[in-house]
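*Asks:* See protein15.txt below, with compact mmCIF, C-alpha atoms and all ligand atoms.
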# COMPACT_ATOMS: atom_id res chain seq x y z
CA MET A 1352 79.15 110.13 86.71
CA ARG A 1353 80.52 109.68 90.18
CA ASN A 1354 77.16 110.26 91.74
CA LYS A 1355 75.86 107.08 90.18
CA ASP A 1356 76.13 105.18 93.41
CA ASN A 1357 78.10 107.03 96.04
CA SER A 1358 77.33 104.80 99.00
CA PHE A 1359 78.60 101.76 97.10
CA TYR A 1360 81.92 103.42 96.34
CA GLU A 1361 82.25 104.79 99.84
CA GLU A 1362 81.92 101.25 101.08
CA LEU A 1363 84.49 100.04 98.58
CA SER A 1364 87.05 102.62 99.55
CA PHE A 1365 86.60 101.61 103.18
CA ILE A 1366 87.27 97.98 102.34
CA LYS A 1367 90.22 98.88 100.14
CA GLN A 1368 91.96 100.59 103.03
CA LEU A 1369 91.47 97.72 105.40
CA ALA A 1370 91.33 94.44 103.62
CA LEU A 1371 94.95 93.76 102.78
CA ARG A 1372 95.01 90.08 102.13
CA TYR A 1373 97.77 87.53 102.21
CA SER A 1374 98.16 84.67 99.84
CA ASN A 1375 97.83 81.59 102.06
CA LYS A 1376 101.28 80.43 100.95
CA VAL A 1377 102.92 83.66 102.08
CA LEU A 1378 101.33 83.62 105.52
CA PHE A 1379 102.02 79.94 106.08
CA ASN A 1380 105.71 80.63 105.49
CA PHE A 1381 105.64 83.20 108.28
CA LYS A 1382 105.52 80.43 110.82
CA LYS A 1383 109.26 80.48 111.44
CA LYS A 1384 109.21 84.20 112.05
CA LYS A 1385 107.46 85.95 114.88
CA LEU A 1386 104.00 87.02 113.87
CA ARG A 1387 102.94 90.46 115.03
CA ASN A 1388 99.57 91.22 116.56
CA GLY A 1389 97.02 92.38 114.02
CA PHE A 1390 94.22 91.32 111.77
CA TYR A 1391 95.30 88.97 108.98
CA ILE A 1392 93.19 87.92 106.02
CA VAL A 1393 94.15 84.88 103.98
CA ASN A 1394 92.95 84.15 100.53
CA TYR A 1395 92.25 80.85 98.74
CA HIS A 1396 90.79 79.90 95.36
CA HIS A 1397 90.77 76.24 94.43
CA ILE A 1398 91.04 73.21 96.69
CA CYS A 1399 92.05 69.95 95.02
CA ASN A 1400 92.77 66.36 95.91
CA HIS A 1401 95.35 65.75 93.20
CA LYS A 1402 98.64 67.30 92.15
CA PHE A 1403 99.03 69.73 89.26
CA PRO A 1404 102.16 69.65 87.10
CA LYS A 1405 104.55 72.46 87.96
CA ASN A 1406 104.22 74.47 84.79
CA ASN A 1407 103.53 78.09 84.08
CA ASP A 1408 100.42 77.31 82.06
CA ILE A 1409 98.49 76.56 85.22
CA PRO A 1410 98.12 79.43 87.67
CA SER A 1411 99.12 78.53 91.21
CA ILE A 1412 95.70 79.25 92.67
CA TYR A 1413 95.17 75.74 93.94
CA THR A 1414 95.81 74.24 97.38
CA GLU A 1415 95.80 70.51 97.97
CA ILE A 1416 93.29 69.52 100.63
CA ASP A 1417 95.95 67.99 102.92
CA VAL A 1418 97.93 71.24 102.76
CA PHE A 1419 94.74 73.21 103.45
CA LYS A 1420 94.12 71.10 106.57
CA LYS A 1421 97.68 71.86 107.73
CA HIS A 1422 97.04 75.57 107.20
CA ILE A 1423 93.87 75.43 109.31
CA LYS A 1424 95.80 73.68 112.08
CA PHE A 1425 98.46 76.40 111.92
CA TYR A 1426 95.83 79.17 112.03
CA LYS A 1427 94.11 77.52 115.00
CA GLU A 1428 97.38 77.38 116.89
CA ASN A 1429 98.51 80.93 116.12
CA PHE A 1430 95.41 83.11 115.70
CA GLU A 1431 91.92 83.69 116.86
CA ILE A 1432 89.94 82.90 113.72
CA VAL A 1433 87.09 85.34 113.13
CA SER A 1434 84.70 86.12 110.29
CA LEU A 1435 85.58 89.06 108.04
CA LYS A 1436 82.75 91.07 109.60
CA GLU A 1437 84.08 90.45 113.11
CA GLY A 1438 87.63 91.12 111.98
CA LEU A 1439 86.79 94.52 110.54
CA LYS A 1440 85.02 95.47 113.77
CA ILE A 1441 88.08 94.39 115.75
CA LEU A 1442 90.31 96.42 113.45
CA LYS A 1443 88.16 99.53 113.88
CA SER A 1444 88.19 99.21 117.66
CA ASN A 1445 91.98 98.78 117.76
CA LEU A 1446 91.66 95.44 119.53
CA SER A 1447 93.90 93.97 116.87
CA THR A 1448 96.91 95.59 118.52
CA LYS A 1449 96.47 93.21 121.45
CA LYS A 1450 96.14 89.89 119.70
CA LYS A 1451 96.48 88.05 116.39
CA TYR A 1452 93.24 87.61 114.49
CA LEU A 1453 92.71 85.89 111.17
CA SER A 1454 89.93 85.63 108.67
CA ILE A 1455 89.68 83.16 105.77
CA THR A 1456 88.42 84.16 102.34
CA PHE A 1457 87.83 82.41 99.03
CA ASP A 1458 87.74 84.04 95.58
CA ASP A 1459 86.47 82.96 92.17
CA THR A 1460 83.24 81.00 92.87
CA LEU A 1461 84.79 77.55 92.41
CA SER A 1462 82.80 74.58 93.69
CA SER A 1463 85.87 73.03 95.32
CA PHE A 1464 85.01 75.44 98.13
CA LEU A 1465 82.54 72.76 99.22
CA ILE A 1466 85.47 70.47 100.09
CA ALA A 1467 87.04 73.24 102.17
CA ILE A 1468 83.89 74.21 104.04
CA LYS A 1469 83.39 70.63 105.22
CA HIS A 1470 86.69 70.93 107.04
CA MET A 1471 86.23 74.53 108.28
CA LYS A 1472 82.77 73.67 109.64
CA LYS A 1473 84.37 71.28 112.13
CA PHE A 1474 86.15 74.24 113.70
CA SER A 1475 83.22 76.68 113.41
CA ILE A 1476 85.17 78.83 110.96
CA LYS A 1477 83.02 81.20 108.94
CA PRO A 1478 84.80 82.20 105.72
CA THR A 1479 83.78 84.94 103.28
CA ILE A 1480 83.41 83.89 99.65
CA PHE A 1481 83.89 86.48 96.92
CA LEU A 1482 81.65 85.62 94.00
CA ASN A 1483 81.82 86.40 90.30
CA SER A 1484 78.44 86.91 88.71
CA ASP A 1485 79.21 85.41 85.27
CA PRO A 1486 79.59 81.77 86.36
CA LEU A 1487 76.67 82.07 88.75
CA ILE A 1488 74.16 84.00 86.72
CA LEU A 1489 75.24 83.50 83.10
CA LYS A 1490 76.77 80.03 83.57
CA LYS A 1491 79.97 81.25 81.95
CA PRO A 1492 83.31 79.97 83.23
CA LEU A 1493 86.05 82.50 84.02
CA PHE A 1494 88.89 83.02 81.53
CA ASN A 1495 91.52 82.79 84.28
CA HIS A 1496 90.54 79.17 85.01
CA LYS A 1497 90.89 77.93 81.46
CA ASN A 1498 94.12 75.98 81.89
CA LEU A 1499 93.33 74.84 85.41
CA LEU A 1500 89.90 73.40 84.65
CA THR A 1501 90.70 71.93 81.24
CA TYR A 1502 93.61 70.14 82.92
CA GLU A 1503 91.25 68.69 85.52
CA PHE A 1504 88.95 67.43 82.78
CA TRP A 1505 91.89 66.00 80.88
CA LEU A 1506 93.08 64.12 84.00
CA LYS A 1507 89.91 62.06 83.83
CA ASN A 1508 89.62 62.02 80.03
CA LYS A 1509 93.10 61.59 78.65
CA ASN A 1510 91.90 60.67 75.17
CA TYR A 1511 91.21 64.37 74.51
CA ASN A 1512 93.78 66.81 73.24
CA ILE A 1513 94.38 69.54 75.77
CA SER A 1514 94.53 72.38 73.21
CA THR A 1515 91.18 71.27 71.79
CA LEU A 1516 89.75 71.40 75.29
CA ARG A 1517 91.11 74.89 75.77
CA SER A 1518 89.52 76.06 72.52
CA TRP A 1519 86.17 74.58 73.62
CA TYR A 1520 86.50 76.41 76.93
CA GLN A 1521 87.10 79.68 75.09
CA LYS A 1522 84.02 79.06 72.95
CA ILE A 1523 81.85 78.65 76.05
CA ILE A 1524 83.12 82.05 77.29
CA ASN A 1525 82.62 83.76 73.93
CA SER A 1526 79.22 82.38 73.14
CA ASN A 1527 76.11 84.30 74.03
CA GLU A 1528 73.95 81.27 73.60
CA ASN A 1529 74.29 77.95 75.25
CA VAL A 1530 76.26 76.50 72.38
CA TYR A 1531 78.70 73.77 73.23
CA GLN A 1532 81.12 71.62 71.33
CA ASN A 1533 81.01 68.71 73.71
CA LYS A 1534 78.29 68.05 76.22
CA THR A 1535 80.41 66.09 78.70
CA PHE A 1536 83.08 68.78 78.75
CA HIS A 1537 80.57 71.60 79.09
CA LYS A 1538 78.78 69.85 81.93
CA PHE A 1539 82.07 69.18 83.71
CA ILE A 1540 83.11 72.84 83.50
CA LEU A 1541 79.79 74.02 84.91
CA THR A 1542 80.07 71.65 87.87
CA LYS A 1543 83.40 73.30 88.73
CA TYR A 1544 81.52 76.44 89.84
CA LEU A 1545 79.24 76.97 92.78
CA ASN A 1546 75.59 77.35 91.84
CA LYS A 1547 72.73 79.27 93.39
CA LYS A 1548 71.48 76.25 95.33
CA ASN A 1549 74.92 75.53 96.87
CA ILE A 1550 75.23 79.10 98.07
CA LYS A 1551 71.65 79.38 99.34
CA ILE A 1552 72.24 76.31 101.55
CA LEU A 1553 75.52 77.72 102.88
CA ILE A 1554 73.81 81.03 103.68
CA LYS A 1555 70.87 79.31 105.36
CA LYS A 1556 73.21 77.28 107.56
CA LYS A 1557 75.10 80.52 108.38
CA LEU A 1558 78.35 78.94 107.19
CA ILE A 1559 79.55 81.81 104.99
CA ASP A 1560 79.47 85.56 104.38
CA LEU A 1561 79.30 86.89 100.84
CA GLY A 1562 81.41 89.34 98.91
CA SER A 1563 81.60 90.14 95.20
CA HIS A 1564 84.59 89.81 92.88
CA THR A 1565 83.43 91.42 89.57
CA SER A 1566 81.43 89.76 86.81
CA ASP A 1567 84.12 88.02 84.77
CA HIS A 1568 87.31 88.51 86.80
CA SER A 1569 88.75 91.18 84.49
CA VAL A 1570 91.70 92.94 86.02
CA LEU A 1571 90.57 96.50 86.73
CA ASN A 1572 93.69 98.57 86.21
CA ASN A 1573 93.49 100.97 83.30
CA LYS A 1574 89.79 100.33 82.73
CA SER A 1575 87.59 103.41 82.28
CA TYR A 1576 85.17 104.46 84.98
CA ASP A 1577 82.22 103.17 82.95
CA GLN A 1578 83.87 99.79 82.37
CA GLN A 1579 84.74 99.52 86.05
CA TYR A 1580 81.20 100.45 86.98
CA ILE A 1581 79.81 97.58 84.91
CA LEU A 1582 82.38 95.08 86.13
CA ILE A 1583 82.07 96.01 89.80
CA ALA A 1584 78.86 97.77 90.73
CA LYS A 1585 76.49 96.24 88.18
CA SER A 1586 77.74 92.76 88.97
CA HIS A 1587 77.58 93.47 92.73
CA LYS A 1588 73.95 94.59 92.47
CA GLU A 1589 73.02 91.63 90.28
CA LEU A 1590 74.44 89.29 92.92
CA GLU A 1591 72.49 91.10 95.63
CA SER A 1592 69.23 90.61 93.79
CA PHE A 1593 70.16 87.03 92.80
CA PHE A 1594 70.49 86.15 96.49
CA ASN A 1595 68.04 88.72 97.74
CA GLN A 1596 70.43 90.09 100.33
CA LYS A 1597 72.88 92.94 100.84
CA ILE A 1598 76.49 92.05 100.08
CA GLN A 1599 78.94 93.92 102.23
CA PHE A 1600 82.30 93.10 100.70
CA PHE A 1601 84.20 93.33 97.44
CA SER A 1602 87.63 92.03 96.46
CA PHE A 1603 89.74 93.15 93.51
CA PRO A 1604 90.67 90.49 90.94
CA LYS A 1605 94.36 89.72 91.47
CA GLY A 1606 94.32 92.57 93.98
CA LYS A 1607 95.07 94.99 91.14
CA LEU A 1608 93.79 98.52 90.88
CA LYS A 1609 95.82 101.17 89.11
CA ASN A 1610 94.52 104.58 88.03
CA CYS A 1611 91.94 103.98 90.66
CA ILE A 1612 88.59 105.70 90.74
CA PHE A 1613 88.32 106.31 94.44
ZN ZN B 1 90.11 86.07 91.81
Take the structure in this file and express it as structure tokens.
Ligand SMILES: [Zn+2]
*Replies:*
Amino acid sequence: MRNKDNSFYEELSFIKQLALRYSNKVLFNFKKKKLRNGFYIVNYHHICNHKFPKNNDIPSIYTEIDVFKKHIKFYKENFEIVSLKEGLKILKSNLSTKKKYLSITFDDTLSSFLIAIKHMKKFSIKPTIFLNSDPLILKKPLFNHKNLLTYEFWLKNKNYNISTLRSWYQKIINSNENVYQNKTFHKFILTKYLNKKNIKILIKKKLIDLGSHTSDHSVLNNKSYDQQYILIAKSHKELESFFNQKIQFFSFPKGKLKNCIF
């Protein structure tokens, strides 16, 4: 079984050793302390221009755009910002002991990345985006965004009941056909994800590097080898052929990997 695709797993184990990433909130709070030299990687998901209610139903994977701009300012003042590719080279050559480097990454394929890139472009920052193949290829939203995205729809359409919206969202995930309960809702959810065209343009303009992030964002701990293979390697290869290019990076959903296969 393990010979299925050795080079792919060798690459993954390399990344796993090196790419320890910080939640942007954690790193931003470091500002009062003295930051050590090294290579830092920060991780974002969703950028928004409104506030979310502070409740446990909605995962805290969002960053308001004004806060994001403050973070960029802080990174500019305290680090040399490099792409993930450059950062890994720096790490290998031990240059990171001499200076503070930082790379910016985005997970989960959300289209709000387009708001963020507009700002990063001004500073020639090249982030890496870690893509999930289900929203891109199958047009299926991710289960972990259910409460976040239904809330965003509800903000603009308050006549709907939020639990009804959540059940519609679940139906879109479960359905193998393009069956939808409500066209407006379905359309809205699909626009919340990056599409092939968006990404092709970003690649062509050399604004991003690509990584993969599994097909449907399942957490990988305690999954069998075969299940992990489908979620990681199959999805990774599908993304490579979808964009007709090699994809060098992979990130674990929620950073979790127990009983690991490497
Ligand atoms: Zn994720």
*Asks:* Padding 8 Å on each side, edges along x, y and z: where is the centre of the box around the listed atoms of segment 1432-1435 of chain A, and how long are its edges in Å to one decimal? Output it as lines of an AutoDock Vina configuration file.
*Replies:*
center_x = 87.3
center_y = 86.0
center_z = 110.9
size_x = 21.2
size_y = 22.2
size_z = 21.7
*Asks:* Atom CA of His1470 of chain A and atom CA of Ser1411 of chain A are how many Å apart?
*Replies:*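 About the pair atom CA of His1470 of chain A and atom CA of Ser1411 of chain A: they are 21.5 Å apart.
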*Asks:* Could you state the separation of atom CA of Ala1584 of chain A and atom CA of Ser1484 of chain A in Å, given to one decimal place?
*Replies:*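 For atom CA of Ala1584 of chain A relative to atom CA of Ser1484 of chain A, the distance reads 11.1 Å.
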*Asks:* Would you work out the distance separating atom CA of Thr1448 of chain A from atom CA of Glu1431 of chain A, expressed in Å to one decimal?
*Replies:* 13.0 Å
*Asks:* Any idea what's packed within 8 Å of Tyr1413 of chain A, counting all atoms listed in the file, ignoring anything in its chain fewer than 5 positions away? Could you give it as a list in words?
*Replies:*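 In the requested form, the answer reads Tyr1395, His1396, His1397, Ile1398 and Cys1399 of chain A.
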*Asks:* Please identify all protein, DNA and RNA residues within 8 Å of ligand ZN 1 (chain B), counting all atoms listed in the file, and report them as a ChimeraX atom specification.
*Replies:* /A:1396,1458-1459,1564,1568,1602-1605
*Asks:* For Asn1406 of chain A, list every protein, DNA or RNA residue within 12 Å, evaluated using all atoms listed in the file, and leave out those in the same chain fewer than 6 positions away; present the list as a ChimeraX atom specification.
*Replies:* /A:1498-1499,1502
*Asks:* Residues of the last selection are to be written out with C-alpha atoms, as an mmCIF file, in the coordinates of the input.
*Replies:*
data_model
loop_
_atom_site.group_PDB
_atom_site.id
_atom_site.type_symbol
_atom_site.label_atom_id
_atom_site.label_comp_id
_atom_site.auth_asym_id
_atom_site.auth_seq_id
_atom_site.Cartn_x
_atom_site.Cartn_y
_atom_site.Cartn_z
ATOM 1 C CA ASN A 1498 94.120 75.980 81.890
ATOM 2 C CA LEU A 1499 93.330 74.840 85.410
ATOM 3 C CA TYR A 1502 93.610 70.140 82.920
#
*Asks:* Can you work out which one of A:Lys1588, A:Lys1522, A:Lys1543, A:His1496 has the shortest atom-to-atom distance to Ile1412 of chain A, counting only C-alpha atoms?
*Replies:*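 Once distances to Ile1412 of chain A are computed over only C-alpha atoms, the minimum belongs to A:His1496.
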*Asks:* Of the residues A:Phe1481, A:Tyr1511, A:Tyr1576, A:Tyr1452, which is the one nearest to Phe1536 of chain A, using all atoms listed in the file?
*Replies:*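 Once distances to Phe1536 of chain A are computed over all atoms listed in the file, the minimum belongs to A:Tyr1511.
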*Asks:* Which residues come within 8 Å of Ser1586 of chain A, counting all atoms listed in the file, excluding same-chain residues fewer than 2 positions away, as a PyMOL selection string?
*Replies:* chain A and resi 1483-1484+1563+1565-1566+1581-1584+1588-1590
*Asks:* Around (89.2, 88.6, 100.7) in the file's frame, which residues reach within 9 Å when counting all atoms listed in the file? Return as a list in words?
*Replies:*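 Those residues lying close to the given coordinates are Ala1370, Leu1371, Arg1372, Tyr1373, Ile1392, Val1393, Asn1394, Tyr1395, Leu1435, Ser1454, Ile1455, Thr1456, Phe1457, Asp1458, Thr1479, Ile1480, Phe1481, Gly1562, Phe1600, Phe1601, Ser1602 and Phe1603 of chain A.
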*Asks:* Restricting the calculation to all atoms listed in the file, which member of A:Leu1386, A:Leu1506, A:Ile1409, A:Met1471 is positioned closest to Lys1451 of chain A?
*Replies:* A:Leu1386
*Asks:* What's the 9 Å shell around segment 1549-1561 of chain A, counting all atoms listed in the file, without same-chain residues fewer than 4 positions away, as a list in words?
*Replies:* Ser1434, Leu1435, Lys1436, Ser1462, Leu1465, Ile1468, Lys1472, Ser1475, Ile1476, Lys1477, Pro1478, Thr1479, Ile1480, Phe1481, Leu1482, Leu1545, Phe1594, Lys1597, Ile1598, Gln1599, Phe1600 and Phe1601 of chain A
*Asks:* For Thr1515 of chain A, which residue out of A:Asn1546, A:Asn1533, A:Asn1595, A:Ser1575 is the nearest one, using all atoms listed in the file?
*Replies:*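 Using all atoms listed in the file, the shortest distance to Thr1515 of chain A belongs to A:Asn1533.
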*Asks:* I need the residue nearest Ser1444 of chain A from this list: A:Lys1585, A:Phe1390, A:Thr1460, A:Glu1591. Use all atoms listed in the file for the distance.
*Replies:*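 Of all the options, A:Phe1390 lies closest to Ser1444 of chain A.
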*Asks:* Some atoms are absent from segment 1395-1416 of chain A, so rebuild N, CA and C atoms and return them as an mmCIF file, in the coordinates of the input.
*Replies:*
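Writing the result to selection01.cif gives the following:
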data_model
loop_
_atom_site.group_PDB
_atom_site.id
_atom_site.type_symbol
_atom_site.label_atom_id
_atom_site.label_comp_id
_atom_site.auth_asym_id
_atom_site.auth_seq_id
_atom_site.Cartn_x
_atom_site.Cartn_y
_atom_site.Cartn_z
ATOM 1 N N TYR A 1395 92.145 82.105 99.501
ATOM 2 C CA TYR A 1395 92.250 80.850 98.740
ATOM 3 C C TYR A 1395 91.385 80.922 97.496
ATOM 4 N N HIS A 1396 91.627 79.989 96.562
ATOM 5 C CA HIS A 1396 90.790 79.900 95.360
ATOM 6 C C HIS A 1396 90.264 78.480 95.186
ATOM 7 N N HIS A 1397 91.187 77.596 94.819
ATOM 8 C CA HIS A 1397 90.770 76.240 94.430
ATOM 9 C C HIS A 1397 91.391 75.214 95.378
ATOM 10 N N ILE A 1398 90.553 74.299 95.846
ATOM 11 C CA ILE A 1398 91.040 73.210 96.690
ATOM 12 C C ILE A 1398 90.994 71.936 95.841
ATOM 13 N N CYS A 1399 92.066 71.144 95.884
ATOM 14 C CA CYS A 1399 92.050 69.950 95.020
ATOM 15 C C CYS A 1399 92.585 68.740 95.778
ATOM 16 N N ASN A 1400 92.238 67.562 95.261
ATOM 17 C CA ASN A 1400 92.770 66.360 95.910
ATOM 18 C C ASN A 1400 93.702 65.598 94.970
ATOM 19 N N HIS A 1401 94.335 66.332 94.081
ATOM 20 C CA HIS A 1401 95.350 65.750 93.200
ATOM 21 C C HIS A 1401 96.447 66.784 93.006
ATOM 22 N N LYS A 1402 97.539 66.353 92.390
ATOM 23 C CA LYS A 1402 98.640 67.300 92.150
ATOM 24 C C LYS A 1402 98.530 67.889 90.752
ATOM 25 N N PHE A 1403 98.938 69.123 90.590
ATOM 26 C CA PHE A 1403 99.030 69.730 89.260
ATOM 27 C C PHE A 1403 100.487 69.686 88.836
ATOM 28 N N PRO A 1404 100.749 69.591 87.524
ATOM 29 C CA PRO A 1404 102.160 69.650 87.100
ATOM 30 C C PRO A 1404 102.696 71.051 87.361
ATOM 31 N N LYS A 1405 103.986 71.120 87.700
ATOM 32 C CA LYS A 1405 104.550 72.460 87.960
ATOM 33 C C LYS A 1405 104.874 73.093 86.620
ATOM 34 N N ASN A 1406 103.919 73.739 86.024
ATOM 35 C CA ASN A 1406 104.220 74.470 84.790
ATOM 36 C C ASN A 1406 103.474 75.789 84.776
ATOM 37 N N ASN A 1407 104.037 76.719 84.032
ATOM 38 C CA ASN A 1407 103.530 78.090 84.080
ATOM 39 C C ASN A 1407 102.149 78.265 83.467
ATOM 40 N N ASP A 1408 101.744 77.261 82.713
ATOM 41 C CA ASP A 1408 100.420 77.310 82.060
ATOM 42 C C ASP A 1408 99.301 77.325 83.077
ATOM 43 N N ILE A 1409 99.552 76.696 84.218
ATOM 44 C CA ILE A 1409 98.490 76.560 85.220
ATOM 45 C C ILE A 1409 98.761 77.504 86.380
ATOM 46 N N PRO A 1410 97.863 78.449 86.605
ATOM 47 C CA PRO A 1410 98.120 79.430 87.670
ATOM 48 C C PRO A 1410 98.139 78.736 89.036
ATOM 49 N N SER A 1411 99.007 79.223 89.919
ATOM 50 C CA SER A 1411 99.120 78.530 91.210
ATOM 51 C C SER A 1411 98.051 79.042 92.184
ATOM 52 N N ILE A 1412 96.805 78.819 91.802
ATOM 53 C CA ILE A 1412 95.700 79.250 92.670
ATOM 54 C C ILE A 1412 95.044 78.043 93.334
ATOM 55 N N TYR A 1413 95.747 76.933 93.346
ATOM 56 C CA TYR A 1413 95.170 75.740 93.940
ATOM 57 C C TYR A 1413 95.922 75.359 95.223
ATOM 58 N N THR A 1414 95.216 74.720 96.137
ATOM 59 C CA THR A 1414 95.810 74.240 97.380
ATOM 60 C C THR A 1414 95.313 72.814 97.576
ATOM 61 N N GLU A 1415 96.240 71.890 97.747
ATOM 62 C CA GLU A 1415 95.800 70.510 97.970
ATOM 63 C C GLU A 1415 95.113 70.424 99.330
ATOM 64 N N ILE A 1416 94.109 69.579 99.406
ATOM 65 C CA ILE A 1416 93.290 69.520 100.630
ATOM 66 C C ILE A 1416 94.136 69.196 101.877
#
